[in-house]
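Report on the following structure.
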Amino acid sequence: MADPMRIRAQAAGDKTTVRVLMSHEMETGQRKDSAGKTIPAWHIQEVEAKHNGKSVMTAEWGGGVSKNPFLQFTVKGAKAGDKISITWKDNKGDTRTDEATVT
Amino acid sequence: MKKTRALALIAMAGLLGTAALAQKTAVQSIEEYRAMLQDGNPADLFEAKGEDLWKQKRGPKNASLEQCDLGKGPGVVKGVFVELPRFFADTQRVQDMESRLLTCMETLQGFSAAEIAKTPFGRGEQNNVTALATWISAQSKGMKFNLPQGHEQERISYEVGKRLFFQRAGAHDFSCASCHGQDNTRIRLQDLPNLIKNPGDGVGFAAWPAYRVSNGQMWTMQLRLNDCYRQQRFPYPGFGSDATIALGSYLGVNSQGSASAVPTIKR
């Protein structure tokens with residue numbers, strides 16, 4: 001199973017800054033191993049952010065995103081105590097969801 | 001016509017001159033890049049994994065590492081990193097963070113320390129040692145290095161480390177001191193700390209374990225030394241060997257009084 005994400009969500013005024021660190025290999029599918037064989041692609045394809053269960057952002061990712069990606073975005077109207085959850089899904093069908101409380 | 005062109009050239013040269021002055025040096029740009037990344041240092045992920053591993057019951061004996069003595073008594077993790085390598089009475093050896101973790105994994109959890117030491121970096125249990133070392137060292141962030149030198153073995157380790165640091169050998173006739181023995185040296189764009197004196201807060205010994213952005217790997221001091229030896233075209237003395245621990249003693253004692261910035265982020 002995939003390792004957990006680190007999510008920090010900090011409110012300032014009516015905006016909340018969410019910072020997410022994801023643990024993922026993000027293999028592009030372009031690289032070759034020492035034997036010359038192509039290393040199969042393995043990367044996150046979909047990311048969804050929810051604020052109190054309501055979807056606020058979706059993103060489609062590919063092999064161009066770095067290993068262990070860092071994502072930052074702002075959510076309007078999120079207050080301290082609200083829940084922010086992040087879900088990613090990779091091209092192998094593996095998925096992970098983590099939740100954080102806005103501080 | 002010719003005159004105006006010459007004048008224009010002079011004017012352009014003048015502009016270029018000021019542009020060069022205003023331009024940031026490569027080192028400043030790298031510093032800026034590191035500062036940007038610092039906020040989302042993926043070392044956090046390894047810390048979280050390490051904390052989990054510390055508490056998890058694992059290995060043939062199905063035990064956690066919570067009784068592991070890293071120098072300040074069983075289970076104490078805060079402040080141990082800035083006092084390692086040190087002498088341990090139970091193993092009768094000077095040990096650093098990684099080699100001590102191997103001892104604990106063997107005695108408490110029943111893993112084979114020799115087997116883990118032989119495993120290449122980035123595979124199997126080596127990954128777990130890295131995560132554990134990252135989490136434990138992060139518990140001493142901001143604390144000052146204060147390696148004990150009271151035991152004879154600790155002083156010997158320092159002396160051996162010093163000699164290894166200056167020992168020139170290998171295909172390039174290199175020593176550690178060839179690159180790290182004077183101020184203001186660099187490899188390509190990387191500034192190299194002068195490690196024969198105290199390099200200051202968060203530099204050199206006080207900067208590893210670190211996350212390497214370029215290859216997405218978390219590196220402990222053992223892996224750092226391994227790569228230094230590779231760059232010297234020198235055989236690696238082995239994971240957790242007395243030689244690499246002695247180098248740790250030498251670097252650690254030299255960093256006495258400097259604050260640890262671990263885990264850091266590197267290019």
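Residue numbers start at 1 in each chain; chains themselves are named A, B, ... in the order of the structure tokens; ligands are numbered from 1 in the order shown.
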
Spatial neighbours of A:Gln72, max dist 12 Å, only C-alpha atoms, sep filter under 6 positions, as a count of residues only: 18

Within 10 Å of stretch 195-211 of chain B using only C-alpha atoms, minus same-chain residues under 4 positions, as a PyMOL selection string: chain B and resi 41-44+46+81-82+130-131+133-135+137-138+141-145+162+165-166+176-177+179-183+215-224+248-267

message: Under the rule that only C-alpha atoms are counted, which of A:Ala12, A:Ala100, A:Leu71, A:Ala78 is the nearest residue to chain B?
response: A:Leu71

task: Would you please give, as a list of chain:residue names, all residues of stretch 46-251 of chain B that DSSP assigns to strand (DSSP E or B) based on the backbone?
output: B:Arg58, B:Ala63, B:Asp69, B:Pro74, B:Arg86, B:Phe87, B:Phe88, B:Arg93, B:Val94, B:Gln95, B:Lys144, B:Ala169, B:Phe174, B:Thr185, B:Arg186, B:Ile187, B:Gln190, B:Asp191, B:Leu192, B:Ala210, B:Tyr211, B:Arg212, B:Gln217, B:Met218, B:Trp219

Include C-alpha atoms and write out the residues we just selected as an mmCIF file, in the first residue's frame.
data_model
loop_
_atom_site.group_PDB
_atom_site.id
_atom_site.type_symbol
_atom_site.label_atom_id
_atom_site.label_comp_id
_atom_site.auth_asym_id
_atom_site.auth_seq_id
_atom_site.Cartn_x
_atom_site.Cartn_y
_atom_site.Cartn_z
ATOM 1 C CA ARG B 58 8.468 -6.163 13.006
ATOM 2 C CA ALA B 63 9.143 -6.420 18.338
ATOM 3 C CA ASP B 69 19.292 2.537 23.250
ATOM 4 C CA PRO B 74 16.295 2.873 25.944
ATOM 5 C CA ARG B 86 29.766 7.420 20.516
ATOM 6 C CA PHE B 87 31.033 4.377 22.403
ATOM 7 C CA PHE B 88 28.498 1.718 23.392
ATOM 8 C CA ARG B 93 32.244 -0.374 19.673
ATOM 9 C CA VAL B 94 31.981 3.243 18.642
ATOM 10 C CA GLN B 95 28.793 3.415 16.582
ATOM 11 C CA LYS B 144 24.130 21.657 18.953
ATOM 12 C CA ALA B 169 44.847 6.866 -2.506
ATOM 13 C CA PHE B 174 42.508 11.739 -3.880
ATOM 14 C CA THR B 185 36.187 25.131 -3.301
ATOM 15 C CA ARG B 186 33.432 23.597 -5.370
ATOM 16 C CA ILE B 187 32.520 20.711 -7.675
ATOM 17 C CA GLN B 190 28.276 22.895 -5.577
ATOM 18 C CA ASP B 191 30.086 24.739 -2.839
ATOM 19 C CA LEU B 192 32.152 22.356 -0.778
ATOM 20 C CA ALA B 210 19.243 15.082 3.398
ATOM 21 C CA TYR B 211 16.789 14.701 0.539
ATOM 22 C CA ARG B 212 18.406 14.867 -2.894
ATOM 23 C CA GLN B 217 16.528 9.906 -2.754
ATOM 24 C CA MET B 218 16.931 10.328 0.968
ATOM 25 C CA TRP B 219 20.608 10.095 1.909
#

Per residue of stretch 28-101 of chain B within 12 Å of stretch 111-125 of chain B, which atom pair is closest and at what distance in Å (one decimal), using only C-alpha atoms, listed by chain and increasing number, as a tab-separated table?
residue	atom	partner	partner_atom	distance
B:Gly50	CA	B:Glu125	CA	11.9
B:Leu53	CA	B:Glu125	CA	11.0
B:Arg58	CA	B:Phe111	CA	9.1
B:Gly59	CA	B:Phe111	CA	6.0
B:Pro60	CA	B:Phe111	CA	6.7
B:Lys61	CA	B:Phe111	CA	8.3
B:Asn62	CA	B:Phe111	CA	10.1
B:Ala63	CA	B:Phe111	CA	10.6
B:Ser64	CA	B:Phe111	CA	11.9
B:Leu65	CA	B:Phe111	CA	11.7
B:Glu98	CA	B:Ala117	CA	9.6
B:Ser99	CA	B:Ala113	CA	8.5
B:Arg100	CA	B:Ala113	CA	9.8
B:Leu101	CA	B:Ala113	CA	9.0

- prompt: Pick the closest to chain A from B:Leu102, B:Val77, B:Ala89, B:Leu45: which is it, counting only C-alpha atoms?
  reply: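 Ranking B:Leu102, B:Val77, B:Ala89, B:Leu45 by distance to chain A, first place goes to B:Leu45.
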
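The spacing separating atom CA of B:Phe234 from atom CA of B:Gln167 amounts to 11.3 Å.
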
field: A:Gly62 surroundings by only C-alpha atoms, 12 Å radius, close-in-sequence under 4 positions cut, as an MDAnalysis selection string
entry: chainID A and resid 26:29 41:47 66:67 69 89:91

message: Applying 10 Å and only C-alpha atoms, which residues near A:Val56 remain after dropping the ones on its own chain fewer than 6 positions away? List them as a PyMOL selection string.
response: chain A and resi 48-50+74-76+84

Write out, as an mmCIF file, in the first residue's frame, the residues just selected, with N, CA and C atoms.
data_model
loop_
_atom_site.group_PDB
_atom_site.id
_atom_site.type_symbol
_atom_site.label_atom_id
_atom_site.label_comp_id
_atom_site.auth_asym_id
_atom_site.auth_seq_id
_atom_site.Cartn_x
_atom_site.Cartn_y
_atom_site.Cartn_z
ATOM 1 N N GLU A 48 -7.733 14.711 -6.633
ATOM 2 C CA GLU A 48 -8.944 15.444 -6.296
ATOM 3 C C GLU A 48 -8.832 15.978 -4.876
ATOM 4 N N ALA A 49 -9.189 17.260 -4.719
ATOM 5 C CA ALA A 49 -9.209 17.863 -3.394
ATOM 6 C C ALA A 49 -10.652 18.146 -3.007
ATOM 7 N N LYS A 50 -10.985 17.802 -1.763
ATOM 8 C CA LYS A 50 -12.347 18.049 -1.271
ATOM 9 C C LYS A 50 -12.299 18.913 -0.029
ATOM 10 N N THR A 74 -4.902 27.220 -3.000
ATOM 11 C CA THR A 74 -5.704 27.921 -1.995
ATOM 12 C C THR A 74 -7.174 27.585 -2.188
ATOM 13 N N VAL A 75 -7.879 27.473 -1.070
ATOM 14 C CA VAL A 75 -9.310 27.207 -1.093
ATOM 15 C C VAL A 75 -9.999 28.427 -0.497
ATOM 16 N N LYS A 76 -10.897 29.009 -1.245
ATOM 17 C CA LYS A 76 -11.645 30.166 -0.747
ATOM 18 C C LYS A 76 -12.746 29.695 0.182
ATOM 19 N N ILE A 84 -10.058 19.057 4.897
ATOM 20 C CA ILE A 84 -9.570 19.033 3.518
ATOM 21 C C ILE A 84 -9.082 17.609 3.251
#

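If only C-alpha atoms are the atoms counted, then among B:Gln139, B:Gly79, B:Val213, B:Glu159 the closest residue to chain A is B:Val213.
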
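Residues in contact with A:Arg96 at up to 8 Å, not including ones fewer than 3 positions away on its chain and judged by only C-alpha atoms, are A:Ala2, A:Pro4, A:Thr87, A:Trp88, A:Lys89.
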
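In terms of minimum interatomic distance to chain B, A:Met5 ranks closest within A:Met5, A:Ala35, A:Ala80, A:Val65, counting only C-alpha atoms.
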
message: What does the structure give for the distance between atom CA of B:Arg230 and atom CA of B:Asn184, in Å to one decimal?
response: 22.2 Å
